[in-house]
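Source file: model33.tsv; contents: TSV, C-alpha atoms and all ligand atoms.
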```tsv
chain	number	residue	atom	x	y	z
A	18	MET	CA	-20.82	9.14	-11.46
A	19	SER	CA	-21.18	7.89	-7.91
A	20	GLY	CA	-21.68	11.19	-6.04
A	21	LYS	CA	-20.81	9.41	-2.76
A	22	THR	CA	-18.26	10.80	-0.33
A	23	VAL	CA	-15.42	8.55	0.79
A	24	PHE	CA	-13.31	9.28	3.86
A	25	VAL	CA	-9.77	7.99	3.29
A	26	THR	CA	-7.34	7.55	6.20
A	27	GLY	CA	-3.67	7.52	5.21
A	28	GLY	CA	-4.73	9.13	1.95
A	29	ALA	CA	-1.37	10.80	1.29
A	30	GLY	CA	0.59	7.54	1.52
A	31	TYR	CA	1.68	5.19	-1.24
A	32	ILE	CA	-1.40	3.00	-1.62
A	33	GLY	CA	-3.72	5.73	-0.31
A	34	SER	CA	-2.74	8.33	-2.93
A	35	HIS	CA	-3.04	5.87	-5.83
A	36	SER	CA	-6.44	4.76	-4.56
A	37	VAL	CA	-7.58	8.38	-4.32
A	38	VAL	CA	-6.80	8.74	-8.07
A	39	GLU	CA	-9.05	5.78	-8.82
A	40	LEU	CA	-11.79	7.00	-6.47
A	41	LEU	CA	-11.84	10.47	-8.04
A	42	ASN	CA	-11.84	8.97	-11.54
A	43	ALA	CA	-14.79	6.78	-10.53
A	44	GLY	CA	-16.74	9.88	-9.49
A	45	TYR	CA	-16.41	9.74	-5.70
A	46	GLU	CA	-15.79	12.83	-3.57
A	47	VAL	CA	-12.76	12.34	-1.35
A	48	ILE	CA	-11.99	13.61	2.14
A	49	ALA	CA	-8.51	12.43	3.13
A	50	ILE	CA	-6.49	12.55	6.32
A	51	ASP	CA	-2.86	11.71	7.07
A	52	ASN	CA	-0.40	12.41	9.87
A	53	PHE	CA	2.67	12.15	7.57
A	54	THR	CA	4.27	9.27	9.48
A	55	ASN	CA	4.80	7.23	6.31
A	56	CYS	CA	4.90	10.03	3.74
A	57	VAL	CA	6.16	13.54	3.19
A	58	GLY	CA	4.03	16.47	4.27
A	59	ASP	CA	4.55	20.15	3.54
A	60	GLU	CA	5.25	22.57	6.35
A	61	ASP	CA	1.85	24.17	5.89
A	62	GLY	CA	0.18	20.81	6.65
A	63	THR	CA	-0.66	19.93	3.05
A	64	ALA	CA	0.23	16.74	1.20
A	65	PRO	CA	2.48	16.94	-1.91
A	66	SER	CA	1.27	13.54	-3.11
A	67	LEU	CA	-2.35	14.69	-3.07
A	68	LYS	CA	-1.54	17.93	-4.88
A	69	ARG	CA	-0.17	15.73	-7.63
A	70	VAL	CA	-3.28	13.56	-7.51
A	71	GLU	CA	-5.29	16.73	-8.14
A	72	LYS	CA	-3.01	17.48	-11.09
A	73	ILE	CA	-3.54	13.97	-12.51
A	74	THR	CA	-7.31	13.92	-12.08
A	75	GLY	CA	-8.20	17.62	-12.41
A	76	LYS	CA	-10.32	17.17	-9.26
A	77	THR	CA	-10.13	18.59	-5.75
A	78	ILE	CA	-9.58	16.71	-2.50
A	79	THR	CA	-10.48	17.91	0.98
A	80	PHE	CA	-7.47	17.16	3.16
A	81	TYR	CA	-6.80	17.35	6.89
A	82	LYS	CA	-3.51	16.71	8.61
A	83	CYS	CA	-4.87	14.60	11.43
A	84	ASP	CA	-3.49	11.94	13.74
A	85	MET	CA	-5.87	9.06	14.32
A	86	LEU	CA	-4.89	8.94	17.98
A	87	ASP	CA	-6.77	12.23	18.30
A	88	GLY	CA	-10.22	10.65	18.47
A	89	ALA	CA	-12.00	13.90	19.34
A	90	ARG	CA	-10.67	15.62	16.21
A	91	LEU	CA	-11.55	12.63	14.08
A	92	THR	CA	-15.13	12.67	15.35
A	93	LYS	CA	-15.30	16.43	14.78
A	94	ILE	CA	-14.28	15.97	11.13
A	95	PHE	CA	-16.91	13.27	10.69
A	96	LYS	CA	-19.55	15.60	12.12
A	97	GLN	CA	-18.55	18.40	9.74
A	98	HIS	CA	-19.16	16.36	6.58
A	99	HIS	CA	-21.61	13.87	5.18
A	100	ILE	CA	-19.51	10.72	4.78
A	101	ASP	CA	-20.95	7.65	3.04
A	102	CYS	CA	-18.08	5.22	3.46
A	103	VAL	CA	-14.52	4.89	4.70
A	104	ILE	CA	-11.32	3.34	3.37
A	105	HIS	CA	-8.85	2.86	6.21
A	106	PHE	CA	-5.22	2.72	5.04
A	107	ALA	CA	-3.46	4.58	7.85
A	108	SER	CA	-1.09	2.43	9.89
A	109	MET	CA	2.49	1.96	10.90
A	110	LYS	CA	3.74	-0.71	8.50
A	111	ALA	CA	7.44	-1.55	8.77
A	112	VAL	CA	7.86	-5.19	9.74
A	113	GLY	CA	11.36	-4.80	11.25
A	114	GLU	CA	10.49	-1.64	13.17
A	115	SER	CA	7.34	-3.28	14.55
A	116	MET	CA	9.51	-5.85	16.36
A	117	GLU	CA	11.58	-3.06	17.96
A	118	ILE	CA	8.77	-0.75	19.08
A	119	PRO	CA	5.76	-3.04	19.43
A	120	LEU	CA	3.81	-0.79	21.82
A	121	MET	CA	3.94	2.05	19.34
A	122	TYR	CA	2.53	-0.26	16.68
A	123	TYR	CA	-0.25	-1.59	18.91
A	124	LYS	CA	-1.11	1.93	20.06
A	125	ASN	CA	-1.18	3.53	16.63
A	126	ASN	CA	-2.77	0.74	14.66
A	127	LEU	CA	-5.29	-0.55	17.20
A	128	ILE	CA	-6.26	2.63	19.04
A	129	GLY	CA	-6.25	4.63	15.80
A	130	THR	CA	-8.70	2.11	14.33
A	131	ILE	CA	-10.91	2.13	17.44
A	132	ASN	CA	-11.06	5.94	17.27
A	133	LEU	CA	-12.07	5.72	13.63
A	134	LEU	CA	-14.81	3.16	14.30
A	135	GLU	CA	-16.18	5.31	17.16
A	136	ALA	CA	-16.18	8.38	14.92
A	137	MET	CA	-18.04	6.39	12.26
A	138	GLU	CA	-20.60	5.13	14.78
A	139	SER	CA	-21.14	8.66	16.08
A	140	VAL	CA	-22.51	9.73	12.68
A	141	GLY	CA	-24.14	6.44	11.68
A	142	CYS	CA	-21.59	5.56	8.98
A	143	TYR	CA	-21.11	1.78	8.84
A	144	GLN	CA	-19.46	1.08	5.47
A	145	LEU	CA	-15.75	0.29	5.75
A	146	VAL	CA	-12.98	-1.06	3.53
A	147	PHE	CA	-10.01	-2.03	5.69
A	148	SER	CA	-6.44	-2.31	4.47
A	149	SER	CA	-5.15	-5.68	5.70
A	150	THR	CA	-2.24	-7.82	4.62
A	151	CYS	CA	-1.33	-11.35	3.61
A	152	CYS	CA	0.90	-11.28	6.74
A	153	VAL	CA	-2.21	-12.42	8.66
A	154	TYR	CA	-1.77	-15.90	7.10
A	155	GLY	CA	1.71	-16.31	8.65
A	156	ASP	CA	3.84	-19.06	7.13
A	157	PRO	CA	1.39	-20.54	4.59
A	158	GLU	CA	0.33	-24.15	4.98
A	159	THR	CA	-0.85	-24.30	1.36
A	160	LEU	CA	-0.18	-22.33	-1.82
A	161	PRO	CA	-1.73	-20.43	-3.49
A	162	ILE	CA	-3.36	-18.89	-0.41
A	163	THR	CA	-7.15	-18.75	-0.30
A	164	GLU	CA	-9.11	-16.52	2.08
A	165	ASP	CA	-10.12	-19.51	4.22
A	166	HIS	CA	-6.47	-20.31	5.00
A	167	PRO	CA	-6.03	-20.12	8.82
A	168	THR	CA	-4.98	-16.72	10.15
A	169	GLY	CA	-3.39	-15.59	13.40
A	170	ASN	CA	-0.15	-17.55	13.24
A	171	VAL	CA	1.55	-14.25	12.38
A	172	THR	CA	5.32	-13.91	12.39
A	173	ASN	CA	5.67	-10.18	13.22
A	174	VAL	CA	4.05	-7.42	15.30
A	175	TYR	CA	2.92	-5.37	12.29
A	176	GLY	CA	1.00	-8.35	10.90
A	177	ARG	CA	-0.40	-9.12	14.34
A	178	THR	CA	-1.88	-5.60	14.63
A	179	LYS	CA	-3.67	-6.20	11.32
A	180	TYR	CA	-4.84	-9.62	12.48
A	181	PHE	CA	-6.20	-8.16	15.75
A	182	ILE	CA	-8.00	-5.42	13.81
A	183	GLU	CA	-9.56	-8.04	11.51
A	184	GLU	CA	-10.82	-9.92	14.59
A	185	MET	CA	-12.15	-6.68	16.08
A	186	LEU	CA	-14.01	-5.87	12.86
A	187	LYS	CA	-15.51	-9.34	12.80
A	188	ASP	CA	-16.75	-8.88	16.40
A	189	LEU	CA	-18.15	-5.49	15.51
A	190	SER	CA	-20.09	-6.83	12.55
A	191	ASN	CA	-21.49	-9.61	14.79
A	192	SER	CA	-22.58	-7.05	17.39
A	193	ASN	CA	-24.50	-4.78	15.06
A	194	GLU	CA	-25.75	-5.85	11.67
A	195	LYS	CA	-25.56	-2.32	10.32
A	196	TRP	CA	-21.81	-2.75	9.87
A	197	ASN	CA	-20.75	-3.64	6.34
A	198	ILE	CA	-17.02	-4.32	6.17
A	199	ILE	CA	-14.52	-5.64	3.65
A	200	ALA	CA	-10.93	-6.40	4.70
A	201	LEU	CA	-8.56	-6.51	1.73
A	202	ARG	CA	-5.46	-8.65	2.25
A	203	TYR	CA	-2.74	-7.23	0.04
A	204	PHE	CA	0.17	-9.18	-1.29
A	205	ASN	CA	3.27	-7.12	-2.29
A	206	PRO	CA	2.30	-3.76	-3.84
A	207	VAL	CA	4.84	-2.23	-6.24
A	208	GLY	CA	4.85	0.08	-9.28
A	209	ALA	CA	3.54	3.61	-9.55
A	210	HIS	CA	0.98	5.70	-11.42
A	211	PRO	CA	1.90	5.70	-15.15
A	212	SER	CA	2.25	9.50	-15.14
A	213	GLY	CA	5.34	9.21	-12.92
A	214	LEU	CA	3.87	11.94	-10.72
A	215	ILE	CA	3.05	9.79	-7.70
A	216	GLY	CA	4.77	6.73	-6.28
A	217	GLU	CA	6.31	5.18	-3.19
A	218	ASP	CA	8.41	7.57	-1.13
A	219	PRO	CA	9.34	5.98	2.19
A	220	THR	CA	10.10	8.42	5.02
A	221	LYS	CA	12.35	5.85	6.65
A	222	GLU	CA	15.10	3.55	5.34
A	223	PHE	CA	14.28	1.64	2.13
A	224	THR	CA	13.75	-1.98	3.08
A	225	ASN	CA	11.27	-3.44	0.56
A	226	LEU	CA	12.72	-5.16	-2.45
A	227	MET	CA	11.58	-3.13	-5.46
A	228	PRO	CA	12.34	0.33	-3.95
A	229	TYR	CA	15.74	-1.03	-2.97
A	230	ILE	CA	16.42	-2.38	-6.47
A	231	ALA	CA	15.50	1.03	-7.89
A	232	GLN	CA	17.90	2.75	-5.49
A	233	VAL	CA	20.68	0.49	-6.76
A	234	ALA	CA	19.74	1.15	-10.39
A	235	LEU	CA	19.87	4.89	-9.58
A	236	LYS	CA	23.38	4.33	-8.12
A	237	LYS	CA	22.21	5.61	-4.75
A	238	LYS	CA	23.01	2.25	-3.14
A	239	PRO	CA	25.88	0.00	-4.18
A	240	TYR	CA	24.04	-3.31	-4.42
A	241	VAL	CA	20.90	-5.27	-3.58
A	242	THR	CA	21.30	-7.91	-0.92
A	243	ILE	CA	19.49	-11.10	-1.85
A	244	PHE	CA	18.53	-12.66	1.46
A	245	GLY	CA	19.21	-16.34	0.86
A	246	ASN	CA	19.42	-18.42	-2.32
A	247	ASP	CA	19.03	-21.81	-0.68
A	248	TYR	CA	15.25	-21.92	-0.27
A	249	ASP	CA	13.20	-24.66	-1.86
A	250	THR	CA	11.97	-22.41	-4.68
A	251	VAL	CA	12.45	-22.10	-8.43
A	252	ASP	CA	15.96	-20.58	-8.07
A	253	GLY	CA	16.51	-20.75	-4.30
A	254	THR	CA	15.42	-17.15	-3.60
A	255	GLY	CA	12.25	-16.01	-1.78
A	256	VAL	CA	8.97	-15.93	-3.71
A	257	ARG	CA	6.26	-13.26	-3.51
A	258	ASP	CA	3.17	-12.07	-5.36
A	259	TYR	CA	3.93	-8.55	-6.62
A	260	ILE	CA	0.87	-6.51	-7.56
A	261	HIS	CA	0.78	-3.18	-9.41
A	262	VAL	CA	-0.39	-0.45	-7.06
A	263	MET	CA	-2.91	0.74	-9.70
A	264	ASP	CA	-4.46	-2.74	-9.74
A	265	LEU	CA	-4.60	-2.60	-5.96
A	266	ALA	CA	-6.21	0.84	-6.13
A	267	ALA	CA	-8.82	-0.46	-8.59
A	268	GLY	CA	-9.46	-3.33	-6.14
A	269	HIS	CA	-10.48	-0.76	-3.51
A	270	VAL	CA	-12.95	0.91	-5.83
A	271	ALA	CA	-14.39	-2.52	-6.70
A	272	ALA	CA	-14.69	-3.36	-2.98
A	273	LEU	CA	-16.40	-0.04	-2.28
A	274	LYS	CA	-18.90	-0.58	-5.08
A	275	LYS	CA	-19.64	-4.02	-3.67
A	276	LEU	CA	-20.26	-2.58	-0.18
A	277	LEU	CA	-22.55	0.10	-1.54
A	278	ASN	CA	-24.62	-2.48	-3.46
A	279	ASP	CA	-24.64	-5.51	-1.12
A	280	HIS	CA	-24.72	-6.11	2.60
A	281	LEU	CA	-21.81	-8.44	3.37
A	282	TYR	CA	-21.52	-7.90	7.17
A	283	TYR	CA	-17.80	-8.82	7.19
A	284	LYS	CA	-15.84	-10.33	4.35
A	285	THR	CA	-12.17	-10.71	3.42
A	286	TYR	CA	-10.58	-10.75	-0.04
A	287	ASN	CA	-7.06	-11.38	-1.26
A	288	LEU	CA	-5.66	-8.77	-3.62
A	289	GLY	CA	-2.80	-10.40	-5.52
A	290	THR	CA	-2.00	-11.54	-9.05
A	291	GLY	CA	-1.50	-15.21	-8.15
A	292	ASN	CA	1.79	-15.05	-10.04
A	293	PRO	CA	4.77	-16.31	-8.00
A	294	VAL	CA	7.97	-14.28	-8.62
A	295	SER	CA	11.36	-14.90	-7.01
A	296	VAL	CA	13.77	-12.23	-5.77
A	297	GLN	CA	16.26	-13.20	-8.48
A	298	GLN	CA	13.56	-13.01	-11.17
A	299	LEU	CA	12.51	-9.55	-10.01
A	300	VAL	CA	16.12	-8.30	-10.05
A	301	ASN	CA	16.58	-9.66	-13.58
A	302	ILE	CA	13.30	-8.33	-14.97
A	303	PHE	CA	13.81	-4.89	-13.42
A	304	SER	CA	17.22	-4.73	-15.03
A	305	GLN	CA	15.94	-5.87	-18.44
A	306	VAL	CA	12.96	-3.52	-18.47
A	307	THR	CA	14.88	-0.44	-17.37
A	308	GLY	CA	18.18	-1.21	-19.12
A	309	GLN	CA	19.94	-0.45	-15.84
A	310	GLU	CA	22.60	-2.45	-14.09
A	311	VAL	CA	21.36	-3.96	-10.83
A	312	VAL	CA	24.30	-5.22	-8.85
A	313	TYR	CA	23.40	-7.83	-6.24
A	314	VAL	CA	25.10	-9.80	-3.50
A	315	VAL	CA	23.73	-13.01	-2.02
A	316	LYS	CA	23.79	-13.04	1.78
A	317	PRO	CA	22.23	-15.32	4.41
A	318	ARG	CA	18.46	-15.54	4.87
A	319	ARG	CA	16.72	-12.61	6.59
A	320	ASP	CA	15.31	-13.45	10.03
A	321	GLY	CA	11.59	-14.14	10.03
A	322	ASP	CA	11.27	-14.21	6.21
A	323	ILE	CA	8.63	-16.48	4.74
A	324	VAL	CA	9.84	-18.69	1.87
A	325	ALA	CA	6.95	-18.23	-0.55
A	326	MET	CA	3.61	-16.41	-0.56
A	327	TYR	CA	1.19	-15.92	-3.40
A	328	ALA	CA	-2.53	-15.42	-3.66
A	329	ASP	CA	-5.46	-17.31	-4.97
A	330	GLY	CA	-7.35	-14.32	-6.34
A	331	GLN	CA	-10.44	-16.17	-7.57
A	332	LEU	CA	-12.81	-14.93	-4.86
A	333	ALA	CA	-12.10	-11.24	-5.56
A	334	LYS	CA	-12.48	-11.95	-9.26
A	335	ASN	CA	-15.85	-13.66	-8.80
A	336	ASP	CA	-17.37	-11.38	-6.15
A	337	LEU	CA	-15.87	-7.99	-6.96
A	338	GLY	CA	-15.53	-8.41	-10.71
A	339	TRP	CA	-11.95	-7.24	-10.35
A	340	GLU	CA	-8.74	-8.66	-11.72
A	341	CYS	CA	-5.16	-7.52	-12.23
A	342	LYS	CA	-4.35	-5.87	-15.54
A	343	PHE	CA	-0.68	-4.98	-15.20
A	344	SER	CA	2.29	-7.29	-15.90
A	345	LEU	CA	5.45	-7.53	-13.82
A	346	GLU	CA	7.30	-5.70	-16.62
A	347	ARG	CA	4.80	-2.84	-16.35
A	348	MET	CA	5.26	-2.72	-12.56
A	349	CYS	CA	9.02	-2.25	-13.07
A	350	GLU	CA	8.58	0.24	-15.91
A	351	ASP	CA	6.16	2.44	-13.95
A	352	PHE	CA	8.18	2.26	-10.76
A	353	TRP	CA	11.30	3.29	-12.68
A	354	ARG	CA	9.52	6.22	-14.33
A	355	TRP	CA	8.50	7.51	-10.90
A	356	GLN	CA	12.01	7.04	-9.53
A	357	THR	CA	13.81	8.73	-12.42
A	358	MET	CA	11.39	11.66	-12.53
A	359	ASN	CA	11.61	12.04	-8.74
A	360	PRO	CA	14.97	10.69	-7.53
A	361	ASN	CA	14.32	12.29	-4.13
A	362	GLY	CA	10.62	11.47	-4.06
A	363	TYR	CA	8.38	14.34	-3.01
A	364	ARG	CA	11.31	16.10	-1.34
A	365	ASP	CA	12.43	17.57	-4.66
A	366	GLU	CA	11.48	21.01	-5.65
A	367	ASN	CA	8.23	20.33	-7.35
A	368	GLN	CA	7.45	21.15	-10.97
A	369	VAL	CA	3.80	20.36	-10.51
A	370	SER	CA	1.40	23.18	-10.15
A	371	GLY	CA	-2.28	22.62	-10.04
A	372	LYS	CA	-5.33	23.11	-7.95
A	373	SER	CA	-4.31	22.83	-4.35
A	374	THR	CA	-5.75	20.80	-1.56
A	375	THR	CA	-7.17	22.57	1.49
A	376	ASN	CA	-4.43	24.99	2.58
A	377	GLY	CA	-2.30	23.65	-0.30
A	378	SER	CA	0.36	25.42	-2.28
A	379	SER	CA	2.12	24.66	-5.58
A	380	THR	CA	5.46	22.93	-5.64
A	381	LYS	CA	8.15	22.12	-8.23
A	382	ASN	CA	10.17	19.06	-9.11
A	383	THR	CA	13.40	18.49	-11.03
A	384	PRO	CA	13.31	15.35	-13.15
A	385	GLU	CA	16.58	13.52	-13.61
A	386	ILE	CA	17.13	10.46	-15.78
A	387	ILE	CA	20.15	8.30	-15.21
A	388	SER	CA	20.81	5.87	-18.03
A	389	SER	CA	23.21	3.04	-18.55
A	390	ASN	CA	23.05	-0.13	-20.57
A	391	GLY	CA	23.99	-2.61	-17.88
A	392	ASN	CA	22.11	-5.66	-16.78
A	393	GLY	CA	21.63	-7.32	-13.42
A	394	HIS	CA	24.76	-9.05	-12.19
A	395	SER	CA	26.26	-10.23	-8.95
A	396	VAL	CA	29.44	-9.12	-7.19
B	1	LIG	O1	16.81	-5.98	0.19
B	1	LIG	C1	16.04	-6.95	0.09
B	1	LIG	C2	14.68	-6.85	0.44
B	1	LIG	C3	13.90	-7.98	0.31
B	1	LIG	N1	14.41	-9.13	-0.15
B	1	LIG	C4	13.53	-10.30	-0.31
B	1	LIG	O2	12.48	-9.89	-1.17
B	1	LIG	C5	11.26	-10.51	-0.81
B	1	LIG	C6	10.25	-9.42	-0.52
B	1	LIG	O3	10.65	-8.69	0.62
B	1	LIG	P1	10.01	-7.29	1.01
B	1	LIG	O4	10.75	-6.78	2.20
B	1	LIG	O5	9.92	-6.40	-0.18
B	1	LIG	O6	8.53	-7.68	1.37
B	1	LIG	P2	7.96	-8.72	2.43
B	1	LIG	O7	7.25	-9.77	1.63
B	1	LIG	O8	8.95	-9.18	3.40
B	1	LIG	O9	6.92	-7.81	3.25
B	1	LIG	C7	6.06	-6.95	2.54
B	1	LIG	O10	4.92	-7.63	2.21
B	1	LIG	C8	4.20	-8.14	3.31
B	1	LIG	C9	3.10	-8.96	2.76
B	1	LIG	O11	3.69	-10.05	2.09
B	1	LIG	C10	3.74	-6.98	4.17
B	1	LIG	O12	2.76	-6.24	3.49
B	1	LIG	C11	4.90	-6.11	4.55
B	1	LIG	O13	4.43	-4.93	5.16
B	1	LIG	C12	5.70	-5.73	3.38
B	1	LIG	O14	6.89	-5.08	3.80
B	1	LIG	C13	11.60	-11.39	0.39
B	1	LIG	O15	11.81	-12.69	-0.07
B	1	LIG	C14	12.88	-10.79	0.94
B	1	LIG	O16	13.72	-11.72	1.61
B	1	LIG	C15	15.74	-9.25	-0.48
B	1	LIG	O17	16.20	-10.31	-0.87
B	1	LIG	N2	16.51	-8.14	-0.36
```

What does the file become when written as structure tokens?
Amino acid sequence: MSGKTVFVTGGAGYIGSHSVVELLNAGYEVIAIDNFTNCVGDEDGTAPSLKRVEKITGKTITFYKCDMLDGARLTKIFKQHHIDCVIHFASMKAVGESMEIPLMYYKNNLIGTINLLEAMESVGCYQLVFSSTCCVYGDPETLPITEDHPTGNVTNVYGRTKYFIEEMLKDLSNSNEKWNIIALRYFNPVGAHPSGLIGEDPTKEFTNLMPYIAQVALKKKPYVTIFGNDYDTVDGTGVRDYIHVMDLAAGHVAALKKLLNDHLYYKTYNLGTGNPVSVQQLVNIFSQVTGQEVVYVVKPRRDGDIVAMYADGQLAKNDLGWECKFSLERMCEDFWRWQTMNPNGYRDENQVSGKSTTNGSSTKNTPEIISSNGNGHSV
């Protein structure tokens, strides 16, 4: 058991909540904050996702509803606890939206991070795992992508905020050798915890591929749009590296262990499977695994889309002793379980009761399973 206390920003969100499960299971104490921009929060300021995490793990989380733009409050929380290390997930993250309201993205992501770093400095906490993205590589010059691939040629504002933060963290680690920072560059996280109790529940429109496919399989949307089938790829559709969110979560625990054992100053790692998967392949596999019909329509390419991105994960494997365990089939299966048990995400009445987070209360949920024997097909 680690006995260390980890401060998790964006802890109630999709990747945050799954990582909190892994942290608790690894013996860490967790203090989490969230402002509920990307996830559902209860009216009393508690997080339904984290109540379910407590149910899954049988452990308790200290939670604060807190906006990272409120630097004074952040520092106050740091001064109230002994915090050994930080995992920083919180950010605005929708690529399309970032192009429409860039100032909001720069303000939230950059200033929020600066406030966090100042709060950490104020209590002498210098261990940080930062949630970055493969977006920092821009349109890749070579595949699979290694960590030394050039960064900065980013195609959207969201990715640029992450790139700027990476640069800032690098400067910080050069300025004071006490800093010990890992930036994890995620490829495309999908799937859900195998219990079906926690998963991705976007507060805004569904835009990412797997959540959209699931909405179609649930008959909540009529069809999936495949953005372009004339790329130079295996079947003409876009290629990505989908990674199970539980593998990603385990990657954070591995990174944290590394930080607590070694002084790295500043280091980046890719978290991906290295397995290239096309849009068409994902539609087909999702349909096969779930036995649901996934209707799709091919339309023109989406503006700004990159043709193909997948990771070289060797460095994380060697240094962190971490590798992906879950197959693409398992990603679909677990995502579908979450969706069918919670067709309205955390908004459903909640069947889960358990120990509550700070100020928490029990909630209920109504599972619903829609079945059909169809397969993926186009219209
Ligand atoms: O309805 C859809 C949605 C997506 N796609 C295609 O599916 C692939 C994946 O698209 P997503 O929108 O799911 O994901 P992106 O790769 O565009 O972006 C995601 O992964 C990035 C890293 O690669 C960032 O993390 C970003 O925040 C996150 O949204 C792309 O080829 C896209 O064109 C479709 O064909 N139809």

Give me the residues of chain A that have any atom at most 8 Å from an atom of ligand LIG 1 (chain B); for each, the nearest atom pair and the distance in Å, rounded to one decimal. Use only C-alpha atoms and all ligand atoms, sort by chain and number, and format it as JSON lines.
```
{"residue": "A:Lys110", "atom": "CA", "partner": "B:LIG1", "partner_atom": "O13", "distance": 5.4}
{"residue": "A:Ala111", "atom": "CA", "partner": "B:LIG1", "partner_atom": "O13", "distance": 5.8}
{"residue": "A:Val112", "atom": "CA", "partner": "B:LIG1", "partner_atom": "O13", "distance": 5.7}
{"residue": "A:Thr150", "atom": "CA", "partner": "B:LIG1", "partner_atom": "O12", "distance": 5.4}
{"residue": "A:Cys151", "atom": "CA", "partner": "B:LIG1", "partner_atom": "C9", "distance": 5.1}
{"residue": "A:Cys152", "atom": "CA", "partner": "B:LIG1", "partner_atom": "C9", "distance": 5.1}
{"residue": "A:Tyr175", "atom": "CA", "partner": "B:LIG1", "partner_atom": "O13", "distance": 7.3}
{"residue": "A:Gly176", "atom": "CA", "partner": "B:LIG1", "partner_atom": "C10", "distance": 7.4}
{"residue": "A:Tyr203", "atom": "CA", "partner": "B:LIG1", "partner_atom": "O12", "distance": 6.6}
{"residue": "A:Phe204", "atom": "CA", "partner": "B:LIG1", "partner_atom": "O11", "distance": 5.0}
{"residue": "A:Asn205", "atom": "CA", "partner": "B:LIG1", "partner_atom": "O10", "distance": 4.8}
{"residue": "A:Pro206", "atom": "CA", "partner": "B:LIG1", "partner_atom": "O10", "distance": 7.6}
{"residue": "A:Thr224", "atom": "CA", "partner": "B:LIG1", "partner_atom": "C2", "distance": 5.6}
{"residue": "A:Asn225", "atom": "CA", "partner": "B:LIG1", "partner_atom": "O5", "distance": 3.3}
{"residue": "A:Leu226", "atom": "CA", "partner": "B:LIG1", "partner_atom": "O5", "distance": 3.8}
{"residue": "A:Met227", "atom": "CA", "partner": "B:LIG1", "partner_atom": "O5", "distance": 6.4}
{"residue": "A:Tyr229", "atom": "CA", "partner": "B:LIG1", "partner_atom": "O1", "distance": 6.0}
{"residue": "A:Ile230", "atom": "CA", "partner": "B:LIG1", "partner_atom": "O1", "distance": 7.6}
{"residue": "A:Val241", "atom": "CA", "partner": "B:LIG1", "partner_atom": "O1", "distance": 5.6}
{"residue": "A:Thr242", "atom": "CA", "partner": "B:LIG1", "partner_atom": "N2", "distance": 4.8}
{"residue": "A:Ile243", "atom": "CA", "partner": "B:LIG1", "partner_atom": "O17", "distance": 3.5}
{"residue": "A:Phe244", "atom": "CA", "partner": "B:LIG1", "partner_atom": "O17", "distance": 4.0}
{"residue": "A:Gly245", "atom": "CA", "partner": "B:LIG1", "partner_atom": "O17", "distance": 7.0}
{"residue": "A:Thr254", "atom": "CA", "partner": "B:LIG1", "partner_atom": "O15", "distance": 6.7}
{"residue": "A:Gly255", "atom": "CA", "partner": "B:LIG1", "partner_atom": "O15", "distance": 3.8}
{"residue": "A:Val256", "atom": "CA", "partner": "B:LIG1", "partner_atom": "O15", "distance": 5.6}
{"residue": "A:Arg257", "atom": "CA", "partner": "B:LIG1", "partner_atom": "O7", "distance": 6.3}
{"residue": "A:Asp258", "atom": "CA", "partner": "B:LIG1", "partner_atom": "O11", "distance": 7.7}
{"residue": "A:Ser295", "atom": "CA", "partner": "B:LIG1", "partner_atom": "O15", "distance": 7.3}
{"residue": "A:Val296", "atom": "CA", "partner": "B:LIG1", "partner_atom": "O2", "distance": 5.3}
{"residue": "A:Arg318", "atom": "CA", "partner": "B:LIG1", "partner_atom": "O16", "distance": 6.9}
{"residue": "A:Arg319", "atom": "CA", "partner": "B:LIG1", "partner_atom": "O16", "distance": 5.9}
{"residue": "A:Asp322", "atom": "CA", "partner": "B:LIG1", "partner_atom": "O16", "distance": 5.8}
{"residue": "A:Ile323", "atom": "CA", "partner": "B:LIG1", "partner_atom": "O15", "distance": 6.9}
{"residue": "A:Val324", "atom": "CA", "partner": "B:LIG1", "partner_atom": "O15", "distance": 6.6}
{"residue": "A:Ala325", "atom": "CA", "partner": "B:LIG1", "partner_atom": "O15", "distance": 7.4}
{"residue": "A:Met326", "atom": "CA", "partner": "B:LIG1", "partner_atom": "O11", "distance": 6.9}
```

- Task: Name all residues at most 9 Å from A:Trp339 (count all atoms listed in the file; drop same-chain ones fewer than 4 positions away) and give them as a PyMOL selection string.
- Result: chain A and resi 264+267-268+271-272+333-335

Please dump the current selection as a CSV table (one decimal), in the coordinates of the input; keep C-alpha atoms.
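File result19.csv, as written:
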```csv
chain,number,residue,atom,x,y,z
A,264,ASP,CA,-4.5,-2.7,-9.7
A,267,ALA,CA,-8.8,-0.5,-8.6
A,268,GLY,CA,-9.5,-3.3,-6.1
A,271,ALA,CA,-14.4,-2.5,-6.7
A,272,ALA,CA,-14.7,-3.4,-3.0
A,333,ALA,CA,-12.1,-11.2,-5.6
A,334,LYS,CA,-12.5,-12.0,-9.3
A,335,ASN,CA,-15.8,-13.7,-8.8
```

- Correct to one decimal, the distance atom CA of A:Asp188-atom CA of A:Ile162 is 23.7 Å

- Task: Determine, counting only C-alpha atoms, which protein, DNA and RNA residues have an atom within 10 Å of an atom of A:Ser148; residues of the same chain fewer than 3 positions away are not included. Present the result as a ChimeraX atom specification.
- Result: /A:32-33,104-108,145,179,182-183,199-203,269

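Proximity to A:Asp101 was assessed for A:Asn126, A:Thr307, A:Asn132, A:Thr22 counting only C-alpha atoms; the smallest distance is recorded for A:Thr22.
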
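One finds atom CA of A:Asp351 at 6.6 Å from atom CA of A:His210.
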